[in-house]
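Undergrad: Could you have a look at this structure, given as structure tokens, before my questions?
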Amino acid sequence: MPVDNFKILAQVQPGTGNTTIYGAVPANHETIIKGINVVNNHSSAVTIALYLATSDAVAEANVILPAVSMAAGSFATYEGTITMDAGDFLNGIAGTASEITVTVYGDEIDVS
């Protein structure tokens with residue numbers, strides 16, 4: 001019988017290079033992301049891009065949020081459903097390191 005674990009899956013401040021936010025999804029699990037909060041903690045605008053991939057890599061083919069500029073002190077919320085399989089990653093790249101906070105909420109489902 002599957003076991004649900006609804007929780008904060010990750011809270012990360014991405015760097016200016018490829019940063020793993022969540023993943024890899026563990027073997028025998030699926031993850032359902034139900035919300036993502038993105039906060040700009042900096043005193044000026046910062047860009048952020050998010051990627052969903054089957055490897056710990058970023059490419060135009062797996063972008064889910066293209067590089068967007070967030071004003072100083074602003075936030076954005078995604079409330080939807082993203083399904084991830086075992087081995088999948090959610091990655092990000094920020095324009096300024098450690099100034100954007102990405103919090104991911106969801107459910108890890110044991111499918112073994």
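Letters A, B, ... go to the chains of the structure tokens in the order shown; residues in each chain start at 1; ligands are counted from 1 in the same order.
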Which residues are near stretch 68-70 of chain A? Cut-off 10 Å, only C-alpha atoms, ignore same chain within fewer than 3 positions. Put them as a PDB file with C-alpha atoms, in the first residue's frame.

TA:
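Saved as result03.pdb:
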ATOM      1  CA  VAL A  38      10.045  31.764  -5.008  1.00  0.00           C
ATOM      2  CA  VAL A  39      11.215  34.760  -2.953  1.00  0.00           C
ATOM      3  CA  ASN A  40      13.770  37.415  -3.889  1.00  0.00           C
ATOM      4  CA  ASN A  41      15.575  38.271  -0.634  1.00  0.00           C
ATOM      5  CA  HIS A  42      17.926  40.739  -2.335  1.00  0.00           C
ATOM      6  CA  SER A  44      17.719  44.532  -6.221  1.00  0.00           C
ATOM      7  CA  ALA A  45      16.196  42.485  -9.026  1.00  0.00           C
ATOM      8  CA  VAL A  46      17.459  38.920  -9.530  1.00  0.00           C
ATOM      9  CA  THR A  47      16.675  36.409 -12.291  1.00  0.00           C
ATOM     10  CA  ILE A  48      15.630  32.810 -11.653  1.00  0.00           C
ATOM     11  CA  ALA A  49      15.072  29.864 -13.996  1.00  0.00           C
ATOM     12  CA  LEU A  50      13.714  26.413 -13.088  1.00  0.00           C
ATOM     13  CA  LEU A  65      10.267  28.588 -15.840  1.00  0.00           C
ATOM     14  CA  GLY A  73      11.631  41.771  -2.084  1.00  0.00           C
ATOM     15  CA  SER A  74       9.099  40.142  -4.400  1.00  0.00           C
ATOM     16  CA  PHE A  75       7.675  36.634  -4.414  1.00  0.00           C
ATOM     17  CA  ALA A  76       5.866  34.309  -6.798  1.00  0.00           C
ATOM     18  CA  ALA A  94      19.763  32.366 -10.144  1.00  0.00           C
ATOM     19  CA  GLY A  95      21.270  35.568 -11.507  1.00  0.00           C
ATOM     20  CA  ILE A 100      16.489  33.725  -4.265  1.00  0.00           C
TER      21      ILE A 100
END

Undergrad: Write out as a PyMOL selection string the residues lying within 12 Å of A:Asn18, counting only C-alpha atoms and excluding same-chain residues fewer than 2 positions away.

TA: chain A and resi 13-16+20-21+48-52+55-59+89-95+97

Undergrad: Using only C-alpha atoms, which protein or nucleic acid residues come within 7 Å of A:Lys7? Drop anything in the same chain fewer than 6 positions from it, and give the result as a list in words.

TA: Tyr105, Gly106 and Asp107 of chain A

Undergrad: Using DSSP secondary structure from the backbone, list all strand (DSSP E or B) positions within chain A, as a ChimeraX atom specification.

TA: /A:4-12,19-23,29-40,46-53,63-70,75-78,82-84,89-94,100-110

Undergrad: Which residues, written as a PyMOL selection string, have at least one atom at most 12 Å from A:Thr83, with only C-alpha atoms counted and residues fewer than 5 positions away on the same chain left out?

TA: chain A and resi 25+29-35+52-54+88-90+106-109

Undergrad: For the residues selected in the previous step, produce a file with N, CA, C and O atoms as a PDB file, in the first residue's frame.

TA:
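Result saved to out.pdb:
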ATOM      1  N   VAL A  25      14.489  12.012  -7.216  1.00  0.00           N
ATOM      2  CA  VAL A  25      13.390  11.295  -6.587  1.00  0.00           C
ATOM      3  C   VAL A  25      13.903   9.894  -6.280  1.00  0.00           C
ATOM      4  O   VAL A  25      14.485   9.236  -7.141  1.00  0.00           O
ATOM      5  N   HIS A  29       9.731   5.488  -5.673  1.00  0.00           N
ATOM      6  CA  HIS A  29       8.920   6.634  -5.258  1.00  0.00           C
ATOM      7  C   HIS A  29       8.492   7.441  -6.482  1.00  0.00           C
ATOM      8  O   HIS A  29       9.134   7.403  -7.524  1.00  0.00           O
ATOM      9  N   GLU A  30       7.428   8.176  -6.311  1.00  0.00           N
ATOM     10  CA  GLU A  30       7.013   9.231  -7.219  1.00  0.00           C
ATOM     11  C   GLU A  30       6.817  10.463  -6.355  1.00  0.00           C
ATOM     12  O   GLU A  30       6.509  10.356  -5.167  1.00  0.00           O
ATOM     13  N   THR A  31       7.018  11.628  -6.917  1.00  0.00           N
ATOM     14  CA  THR A  31       6.815  12.866  -6.181  1.00  0.00           C
ATOM     15  C   THR A  31       5.793  13.706  -6.922  1.00  0.00           C
ATOM     16  O   THR A  31       5.850  13.833  -8.141  1.00  0.00           O
ATOM     17  N   ILE A  32       4.865  14.263  -6.165  1.00  0.00           N
ATOM     18  CA  ILE A  32       3.890  15.192  -6.720  1.00  0.00           C
ATOM     19  C   ILE A  32       4.149  16.544  -6.077  1.00  0.00           C
ATOM     20  O   ILE A  32       3.964  16.705  -4.869  1.00  0.00           O
ATOM     21  N   ILE A  33       4.620  17.495  -6.880  1.00  0.00           N
ATOM     22  CA  ILE A  33       4.815  18.859  -6.399  1.00  0.00           C
ATOM     23  C   ILE A  33       3.483  19.572  -6.500  1.00  0.00           C
ATOM     24  O   ILE A  33       2.844  19.578  -7.552  1.00  0.00           O
ATOM     25  N   LYS A  34       3.039  20.152  -5.399  1.00  0.00           N
ATOM     26  CA  LYS A  34       1.757  20.868  -5.366  1.00  0.00           C
ATOM     27  C   LYS A  34       1.938  22.375  -5.229  1.00  0.00           C
ATOM     28  O   LYS A  34       0.981  23.126  -5.360  1.00  0.00           O
ATOM     29  N   GLY A  35       3.139  22.823  -4.938  1.00  0.00           N
ATOM     30  CA  GLY A  35       3.367  24.255  -4.836  1.00  0.00           C
ATOM     31  C   GLY A  35       4.842  24.584  -4.813  1.00  0.00           C
ATOM     32  O   GLY A  35       5.658  23.803  -4.312  1.00  0.00           O
ATOM     33  N   LEU A  52      13.075  20.960 -14.990  1.00  0.00           N
ATOM     34  CA  LEU A  52      12.654  19.639 -14.542  1.00  0.00           C
ATOM     35  C   LEU A  52      13.216  18.626 -15.529  1.00  0.00           C
ATOM     36  O   LEU A  52      12.921  18.697 -16.723  1.00  0.00           O
ATOM     37  N   ALA A  53      14.051  17.696 -15.038  1.00  0.00           N
ATOM     38  CA  ALA A  53      14.735  16.790 -15.959  1.00  0.00           C
ATOM     39  C   ALA A  53      14.923  15.415 -15.345  1.00  0.00           C
ATOM     40  O   ALA A  53      14.845  15.242 -14.131  1.00  0.00           O
ATOM     41  N   THR A  54      15.233  14.467 -16.208  1.00  0.00           N
ATOM     42  CA  THR A  54      15.503  13.103 -15.763  1.00  0.00           C
ATOM     43  C   THR A  54      16.974  12.913 -15.419  1.00  0.00           C
ATOM     44  O   THR A  54      17.408  11.807 -15.142  1.00  0.00           O
ATOM     45  N   ASP A  88      14.126  11.744 -11.233  1.00  0.00           N
ATOM     46  CA  ASP A  88      13.932  13.098 -11.748  1.00  0.00           C
ATOM     47  C   ASP A  88      14.495  14.148 -10.795  1.00  0.00           C
ATOM     48  O   ASP A  88      14.590  13.928  -9.582  1.00  0.00           O
ATOM     49  N   PHE A  89      14.832  15.319 -11.363  1.00  0.00           N
ATOM     50  CA  PHE A  89      15.383  16.444 -10.613  1.00  0.00           C
ATOM     51  C   PHE A  89      14.624  17.729 -10.910  1.00  0.00           C
ATOM     52  O   PHE A  89      14.173  17.939 -12.041  1.00  0.00           O
ATOM     53  N   LEU A  90      14.544  18.614  -9.921  1.00  0.00           N
ATOM     54  CA  LEU A  90      14.122  20.000 -10.102  1.00  0.00           C
ATOM     55  C   LEU A  90      15.361  20.839  -9.826  1.00  0.00           C
ATOM     56  O   LEU A  90      15.924  20.772  -8.728  1.00  0.00           O
ATOM     57  N   GLY A 106       5.121  19.286  -1.449  1.00  0.00           N
ATOM     58  CA  GLY A 106       4.544  18.191  -2.200  1.00  0.00           C
ATOM     59  C   GLY A 106       4.421  16.915  -1.413  1.00  0.00           C
ATOM     60  O   GLY A 106       4.448  16.913  -0.181  1.00  0.00           O
ATOM     61  N   ASP A 107       4.305  15.840  -2.158  1.00  0.00           N
ATOM     62  CA  ASP A 107       3.996  14.538  -1.605  1.00  0.00           C
ATOM     63  C   ASP A 107       4.922  13.502  -2.218  1.00  0.00           C
ATOM     64  O   ASP A 107       4.980  13.387  -3.446  1.00  0.00           O
ATOM     65  N   GLU A 108       5.672  12.804  -1.395  1.00  0.00           N
ATOM     66  CA  GLU A 108       6.475  11.687  -1.856  1.00  0.00           C
ATOM     67  C   GLU A 108       5.665  10.431  -1.652  1.00  0.00           C
ATOM     68  O   GLU A 108       5.206  10.147  -0.533  1.00  0.00           O
ATOM     69  N   ILE A 109       5.479   9.661  -2.712  1.00  0.00           N
ATOM     70  CA  ILE A 109       4.648   8.473  -2.646  1.00  0.00           C
ATOM     71  C   ILE A 109       5.515   7.236  -2.832  1.00  0.00           C
ATOM     72  O   ILE A 109       6.208   7.104  -3.848  1.00  0.00           O
TER      73      ILE A 109
END

Undergrad: Measuring atom to atom with only C-alpha atoms, identify which of A:Ala10, A:Thr81, A:Ser98, A:Val111 is nearest to A:Ala24.

TA: A:Ala10

Undergrad: For A:Thr103, which residue out of A:Thr19, A:Ser43, A:Asn62, A:Thr77 is the nearest one, using only C-alpha atoms?

TA: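 Checking each candidate against A:Thr103, we get A:Thr77 as the closest.
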